[in-house]
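Asks: Right, I'll just put the structure down here and ask away after.
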Amino acid sequence: MGQWLYRNIVEPGKLPLLLALGAFVVTFLVTRVITRLIRAGKGPFGNVKAGGLHIHHVVPGVLLIVFGGFGAVASSRYGFGAAAFAVVFGVGAGLVLDEFALILHLDDVYWTEAGRKSVEVVVLTAALVGLVLGGFSPFGVNDLTAGELQNRGTVIGSVVVNFVFSLVSLSKGKFRLAVFGVIVPFLALVGAVRLARPDSYWARRFYRRRPRARARAGLRAYRHDRRWAGPRRLVQD
């Protein structure tokens with residue numbers, strides 16, 4: 001494990017990225033726990049206010065992103081400075097994306113159905129960064145053997161194909177299959193070959209002159225939502 005970590009993370013200079021991802025995920029989880037405790041009226045935590053104005057945690061998040069981002073640009077990929085600025089940037093990104101829905105809607109929708117977009121964006125971000133950290137990027141690793149080059153080429157080819165399936169699945173309105181399909185090989189293929197949701201880009205683009213396909217898509221979406229809406233909301237909560 002130590003050899004893999006050095007060869008795939010430390011040597012190519014991806015340790016700051018690993019630290020940023022760790023800080024990003026931990027910050028998001030801690031923030032969600034604290035906000036739920038505040039909402040439930042438990043614990044010593046409370047909303048931050050200044051002169052009656054509620055300061056959302058996206059505000060310090062933006063400041064940390066600016067500070068950490070510029071610091072990371074000014075640093076190399078190695079050394080304590082790069083690691084420290086990466087952690088600062090990860091914390092800021094976690095605070096900002098936790099309130100992504102607020103930025104998108106320009107409204108405090110944190111506890112509404114629209115607020116769930118923040119969780120989905122965080123999952124997608126962590127998945128994409130995790131792909132880079134998983135050794136799928138061959139750049140920066142020196143003295144690769146022929147076998148390592150072949151293995152990395154195979155993995156990169158699989159990721160590219162899998163990403164295309166995820167894009168098709170996303171265009172069909174199957175967001176969760178697209179997100180998890182980035183991580184799990186060929187999972188997005190399920191969403192790519194099935195009928196699109198009636199409100200998706202794919203349906204608007206390709207079902208305009210296919211009334212039967214449009215009707216089947218609407219019926220399938222209705223049955224799917226009626227069956228899985230409750231369990232899906234429970235898992236998300």
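Each chain in the structure tokens gets a letter, A, B, ..., in the order shown, and its residues are numbered from 1; ligands are numbered from 1 in order too.
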Report as a tab-separated table: every residue of stretch 21-132 of chain A with an atom at most 12 Å from stretch 147-160 of chain A, its closest pair of atoms, and their distance in Å to one decimal, counting only C-alpha atoms, with rows sorted by chain and ascending residue number.
Replies:
residue	atom	partner	partner_atom	distance
A:Leu128	CA	A:Val159	CA	10.9
A:Leu131	CA	A:Val159	CA	8.8
A:Val132	CA	A:Ile156	CA	10.5
Asks: Name the residues of stretch 8-78 of chain A that fall into strand (DSSP E) according to DSSP on the backbone, using the chain letters and numbers of this document, as a ChimeraX atom specification.
Replies: /A:49-50,53-54
Asks: Just to be explicit: take each residue in the selection above, keep N, CA, C and O atoms, and write the result as a short mmCIF file (atom, residue, chain, number, x, y, z; two decimals), in the first residue's frame.
Replies:
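Output file part35.cif is given in full below:
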data_model
loop_
_atom_site.label_atom_id
_atom_site.label_comp_id
_atom_site.auth_asym_id
_atom_site.auth_seq_id
_atom_site.Cartn_x
_atom_site.Cartn_y
_atom_site.Cartn_z
N LYS A 49 -24.86 35.03 12.97
CA LYS A 49 -25.58 36.24 12.56
C LYS A 49 -24.73 37.46 12.85
O LYS A 49 -23.92 37.47 13.78
N ALA A 50 -24.92 38.48 12.02
CA ALA A 50 -24.24 39.76 12.20
C ALA A 50 -25.25 40.87 11.97
O ALA A 50 -25.70 41.08 10.85
N LEU A 53 -28.38 39.70 10.36
CA LEU A 53 -28.21 39.07 9.05
C LEU A 53 -27.65 37.67 9.24
O LEU A 53 -26.62 37.48 9.89
N HIS A 54 -28.31 36.68 8.66
CA HIS A 54 -27.85 35.29 8.74
C HIS A 54 -26.69 35.09 7.76
O HIS A 54 -26.86 35.26 6.55
#
Asks: Write out as a PDB file with N, CA, C and O atoms, in the first residue's frame each polymer residue whose atoms come within 12 Å of A:Leu167, counting only C-alpha atoms; drop sequence neighbours fewer than 3 positions from it.
Replies:
ATOM      1  N   VAL A 160     -12.924   6.470 -20.481  1.00  0.00           N
ATOM      2  CA  VAL A 160     -13.458   7.329 -21.547  1.00  0.00           C
ATOM      3  C   VAL A 160     -14.794   6.787 -22.060  1.00  0.00           C
ATOM      4  O   VAL A 160     -15.782   7.530 -22.200  1.00  0.00           O
ATOM      5  N   VAL A 161     -14.833   5.477 -22.330  1.00  0.00           N
ATOM      6  CA  VAL A 161     -16.080   4.865 -22.801  1.00  0.00           C
ATOM      7  C   VAL A 161     -17.168   5.004 -21.750  1.00  0.00           C
ATOM      8  O   VAL A 161     -18.323   5.347 -22.043  1.00  0.00           O
ATOM      9  N   ASN A 162     -16.794   4.754 -20.488  1.00  0.00           N
ATOM     10  CA  ASN A 162     -17.752   4.843 -19.392  1.00  0.00           C
ATOM     11  C   ASN A 162     -18.274   6.267 -19.232  1.00  0.00           C
ATOM     12  O   ASN A 162     -19.448   6.492 -18.931  1.00  0.00           O
ATOM     13  N   PHE A 163     -17.387   7.251 -19.440  1.00  0.00           N
ATOM     14  CA  PHE A 163     -17.793   8.648 -19.326  1.00  0.00           C
ATOM     15  C   PHE A 163     -18.783   9.026 -20.423  1.00  0.00           C
ATOM     16  O   PHE A 163     -19.714   9.810 -20.184  1.00  0.00           O
ATOM     17  N   VAL A 164     -18.601   8.478 -21.623  1.00  0.00           N
ATOM     18  CA  VAL A 164     -19.557   8.730 -22.707  1.00  0.00           C
ATOM     19  C   VAL A 164     -20.928   8.180 -22.333  1.00  0.00           C
ATOM     20  O   VAL A 164     -21.964   8.841 -22.533  1.00  0.00           O
ATOM     21  N   LEU A 170     -26.947  11.087 -18.569  1.00  0.00           N
ATOM     22  CA  LEU A 170     -27.283  12.393 -18.016  1.00  0.00           C
ATOM     23  C   LEU A 170     -28.230  13.146 -18.933  1.00  0.00           C
ATOM     24  O   LEU A 170     -29.186  13.789 -18.470  1.00  0.00           O
ATOM     25  N   SER A 171     -27.990  13.072 -20.241  1.00  0.00           N
ATOM     26  CA  SER A 171     -28.869  13.757 -21.185  1.00  0.00           C
ATOM     27  C   SER A 171     -30.260  13.152 -21.208  1.00  0.00           C
ATOM     28  O   SER A 171     -31.220  13.809 -21.609  1.00  0.00           O
ATOM     29  N   LYS A 172     -30.381  11.906 -20.771  1.00  0.00           N
ATOM     30  CA  LYS A 172     -31.692  11.255 -20.691  1.00  0.00           C
ATOM     31  C   LYS A 172     -32.389  11.498 -19.359  1.00  0.00           C
ATOM     32  O   LYS A 172     -33.441  10.917 -19.090  1.00  0.00           O
ATOM     33  N   GLY A 173     -31.790  12.348 -18.517  1.00  0.00           N
ATOM     34  CA  GLY A 173     -32.427  12.699 -17.255  1.00  0.00           C
ATOM     35  C   GLY A 173     -32.212  11.706 -16.143  1.00  0.00           C
ATOM     36  O   GLY A 173     -32.864  11.797 -15.103  1.00  0.00           O
ATOM     37  N   LYS A 174     -31.286  10.782 -16.321  1.00  0.00           N
ATOM     38  CA  LYS A 174     -31.014   9.759 -15.303  1.00  0.00           C
ATOM     39  C   LYS A 174     -29.740  10.168 -14.553  1.00  0.00           C
ATOM     40  O   LYS A 174     -28.665   9.611 -14.756  1.00  0.00           O
ATOM     41  N   PHE A 175     -29.898  11.158 -13.691  1.00  0.00           N
ATOM     42  CA  PHE A 175     -28.749  11.791 -13.059  1.00  0.00           C
ATOM     43  C   PHE A 175     -27.998  10.836 -12.147  1.00  0.00           C
ATOM     44  O   PHE A 175     -26.767  10.779 -12.159  1.00  0.00           O
ATOM     45  N   ARG A 176     -28.708  10.070 -11.347  1.00  0.00           N
ATOM     46  CA  ARG A 176     -28.025   9.203 -10.374  1.00  0.00           C
ATOM     47  C   ARG A 176     -27.249   8.084 -11.058  1.00  0.00           C
ATOM     48  O   ARG A 176     -26.140   7.740 -10.651  1.00  0.00           O
ATOM     49  N   LEU A 177     -27.824   7.502 -12.108  1.00  0.00           N
ATOM     50  CA  LEU A 177     -27.087   6.493 -12.856  1.00  0.00           C
ATOM     51  C   LEU A 177     -25.851   7.102 -13.506  1.00  0.00           C
ATOM     52  O   LEU A 177     -24.795   6.462 -13.576  1.00  0.00           O
ATOM     53  N   ALA A 178     -25.968   8.349 -13.961  1.00  0.00           N
ATOM     54  CA  ALA A 178     -24.825   9.011 -14.574  1.00  0.00           C
ATOM     55  C   ALA A 178     -23.724   9.265 -13.553  1.00  0.00           C
ATOM     56  O   ALA A 178     -22.539   9.060 -13.831  1.00  0.00           O
ATOM     57  N   VAL A 179     -24.111   9.681 -12.335  1.00  0.00           N
ATOM     58  CA  VAL A 179     -23.119   9.977 -11.306  1.00  0.00           C
ATOM     59  C   VAL A 179     -22.401   8.714 -10.857  1.00  0.00           C
ATOM     60  O   VAL A 179     -21.168   8.632 -10.863  1.00  0.00           O
ATOM     61  N   PHE A 180     -23.166   7.706 -10.462  1.00  0.00           N
ATOM     62  CA  PHE A 180     -22.542   6.484  -9.977  1.00  0.00           C
ATOM     63  C   PHE A 180     -21.909   5.684 -11.116  1.00  0.00           C
ATOM     64  O   PHE A 180     -21.010   4.882 -10.887  1.00  0.00           O
ATOM     65  N   GLY A 181     -22.379   5.927 -12.341  1.00  0.00           N
ATOM     66  CA  GLY A 181     -21.778   5.273 -13.486  1.00  0.00           C
ATOM     67  C   GLY A 181     -20.376   5.769 -13.777  1.00  0.00           C
ATOM     68  O   GLY A 181     -19.602   5.082 -14.452  1.00  0.00           O
ATOM     69  N   VAL A 182     -20.032   6.964 -13.276  1.00  0.00           N
ATOM     70  CA  VAL A 182     -18.669   7.445 -13.418  1.00  0.00           C
ATOM     71  C   VAL A 182     -17.715   6.581 -12.610  1.00  0.00           C
ATOM     72  O   VAL A 182     -16.558   6.381 -12.976  1.00  0.00           O
ATOM     73  N   ALA A 188     -23.620   3.184 -16.052  1.00  0.00           N
ATOM     74  CA  ALA A 188     -24.332   4.203 -16.814  1.00  0.00           C
ATOM     75  C   ALA A 188     -24.885   3.658 -18.125  1.00  0.00           C
ATOM     76  O   ALA A 188     -25.765   4.277 -18.728  1.00  0.00           O
ATOM     77  N   LEU A 189     -24.377   2.513 -18.576  1.00  0.00           N
ATOM     78  CA  LEU A 189     -24.895   1.913 -19.804  1.00  0.00           C
ATOM     79  C   LEU A 189     -26.370   1.573 -19.656  1.00  0.00           C
ATOM     80  O   LEU A 189     -27.129   1.644 -20.630  1.00  0.00           O
ATOM     81  N   GLY A 191     -28.619   3.309 -17.996  1.00  0.00           N
ATOM     82  CA  GLY A 191     -29.376   4.528 -18.278  1.00  0.00           C
ATOM     83  C   GLY A 191     -29.266   4.972 -19.725  1.00  0.00           C
ATOM     84  O   GLY A 191     -30.195   5.573 -20.265  1.00  0.00           O
ATOM     85  N   ALA A 192     -28.146   4.654 -20.367  1.00  0.00           N
ATOM     86  CA  ALA A 192     -27.942   5.091 -21.741  1.00  0.00           C
ATOM     87  C   ALA A 192     -28.832   4.348 -22.729  1.00  0.00           C
ATOM     88  O   ALA A 192     -29.208   4.913 -23.768  1.00  0.00           O
ATOM     89  N   TYR A 201     -33.350  16.455 -21.833  1.00  0.00           N
ATOM     90  CA  TYR A 201     -32.897  17.010 -23.111  1.00  0.00           C
ATOM     91  C   TYR A 201     -33.058  15.985 -24.231  1.00  0.00           C
ATOM     92  O   TYR A 201     -33.454  16.336 -25.350  1.00  0.00           O
ATOM     93  N   TRP A 202     -32.742  14.728 -23.951  1.00  0.00           N
ATOM     94  CA  TRP A 202     -32.834  13.677 -24.970  1.00  0.00           C
ATOM     95  C   TRP A 202     -34.265  13.547 -25.486  1.00  0.00           C
ATOM     96  O   TRP A 202     -34.487  13.430 -26.702  1.00  0.00           O
TER      97      TRP A 202
END
Asks: According to DSSP computed on the backbone, where in stretch 16-121 of chain A is there alpha helix (DSSP H)? Give the residues as a ChimeraX atom specification.
Replies: /A:16-40,58-74,80-98,100-105,116-121
Asks: Find the residues around A:Val96 up to 8 Å (only C-alpha atoms counted), leave out those fewer than 3 positions away in its own chain, and share them as a list in words.
Replies: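 Close residues of A:Val96: His57, Val58, Val59, Gly61, Val62, Gly92, Ala93, Glu99 and Phe100 of chain A.
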Asks: Can I get the selection written as a compact mmCIF listing (two decimals), in the first residue's frame, with N, CA, C and O atoms?
Replies:
# COMPACT_ATOMS: atom_id res chain seq x y z
N HIS A 57 -22.89 29.56 5.45
CA HIS A 57 -21.51 29.08 5.45
C HIS A 57 -20.88 29.10 4.06
O HIS A 57 -19.69 28.82 3.92
N VAL A 58 -21.65 29.44 3.04
CA VAL A 58 -21.05 29.63 1.72
C VAL A 58 -20.13 30.85 1.72
O VAL A 58 -19.18 30.92 0.93
N VAL A 59 -20.38 31.81 2.61
CA VAL A 59 -19.57 33.03 2.64
C VAL A 59 -18.14 32.74 3.09
O VAL A 59 -17.19 33.07 2.36
N GLY A 61 -16.83 29.93 3.01
CA GLY A 61 -16.35 28.97 2.02
C GLY A 61 -15.72 29.65 0.82
O GLY A 61 -14.66 29.23 0.33
N VAL A 62 -16.36 30.72 0.34
CA VAL A 62 -15.80 31.47 -0.80
C VAL A 62 -14.47 32.09 -0.42
O VAL A 62 -13.50 32.06 -1.20
N GLY A 92 -12.97 25.00 1.97
CA GLY A 92 -13.81 26.01 1.34
C GLY A 92 -14.76 25.43 0.31
O GLY A 92 -15.94 25.81 0.24
N ALA A 93 -14.26 24.49 -0.52
CA ALA A 93 -15.12 23.87 -1.53
C ALA A 93 -16.25 23.08 -0.88
O ALA A 93 -17.38 23.08 -1.38
N GLU A 99 -23.92 24.38 -0.13
CA GLU A 99 -25.01 25.32 -0.40
C GLU A 99 -25.08 25.66 -1.89
O GLU A 99 -25.44 26.77 -2.27
N PHE A 100 -24.73 24.68 -2.71
CA PHE A 100 -24.80 24.87 -4.16
C PHE A 100 -26.21 25.24 -4.60
O PHE A 100 -26.40 26.10 -5.47
Asks: Please list as a list of chain:residue names every residue within 12 Å of stretch 31-45 of chain A, counting only C-alpha atoms and excluding residues in the same chain fewer than 2 positions away.
Replies: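 Everything that qualifies: A:Ala23, A:Phe24, A:Val25, A:Val26, A:Thr27, A:Phe28, A:Leu29, A:Asn47, A:Val48, A:His56, A:His57, A:Val58, A:Gly61, A:Val91, A:Gly92, A:Ala93, A:Gly94, A:Leu95, A:Val96, A:Leu97, A:Asp98, A:Glu99, A:Tyr110, A:Trp111, A:Arg116, A:Ser118, A:Val119, A:Val122, A:Asp237.
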Asks: At what distance in Å, to one decimal, does atom CA of A:Ala72 lie from atom CA of A:Glu11?
Replies: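 A separation of 17.7 Å between them.
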Asks: In terms of the shortest atom-to-atom distance over only C-alpha atoms, which of A:Ala196, A:Val168, A:Ala221, A:Leu17 is closest to A:Ala83?
Replies: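 Result for the nearest residue to A:Ala83: A:Leu17.
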Asks: Just to confirm, what's the straight-line distance from atom CA of A:Ala114 to atom CA of A:Gly51 in Å (one decimal)?
Replies: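 Taking atom CA of A:Ala114 and atom CA of A:Gly51, their separation equals 28.3 Å.
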Asks: Given only C-alpha atoms as the basis, pick out the residue of A:Val88, A:Pro12, A:Ala82, A:Ile103 nearest to A:Gly68.
Replies: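 Comparing A:Val88, A:Pro12, A:Ala82, A:Ile103 against A:Gly68, the winner is A:Val88.
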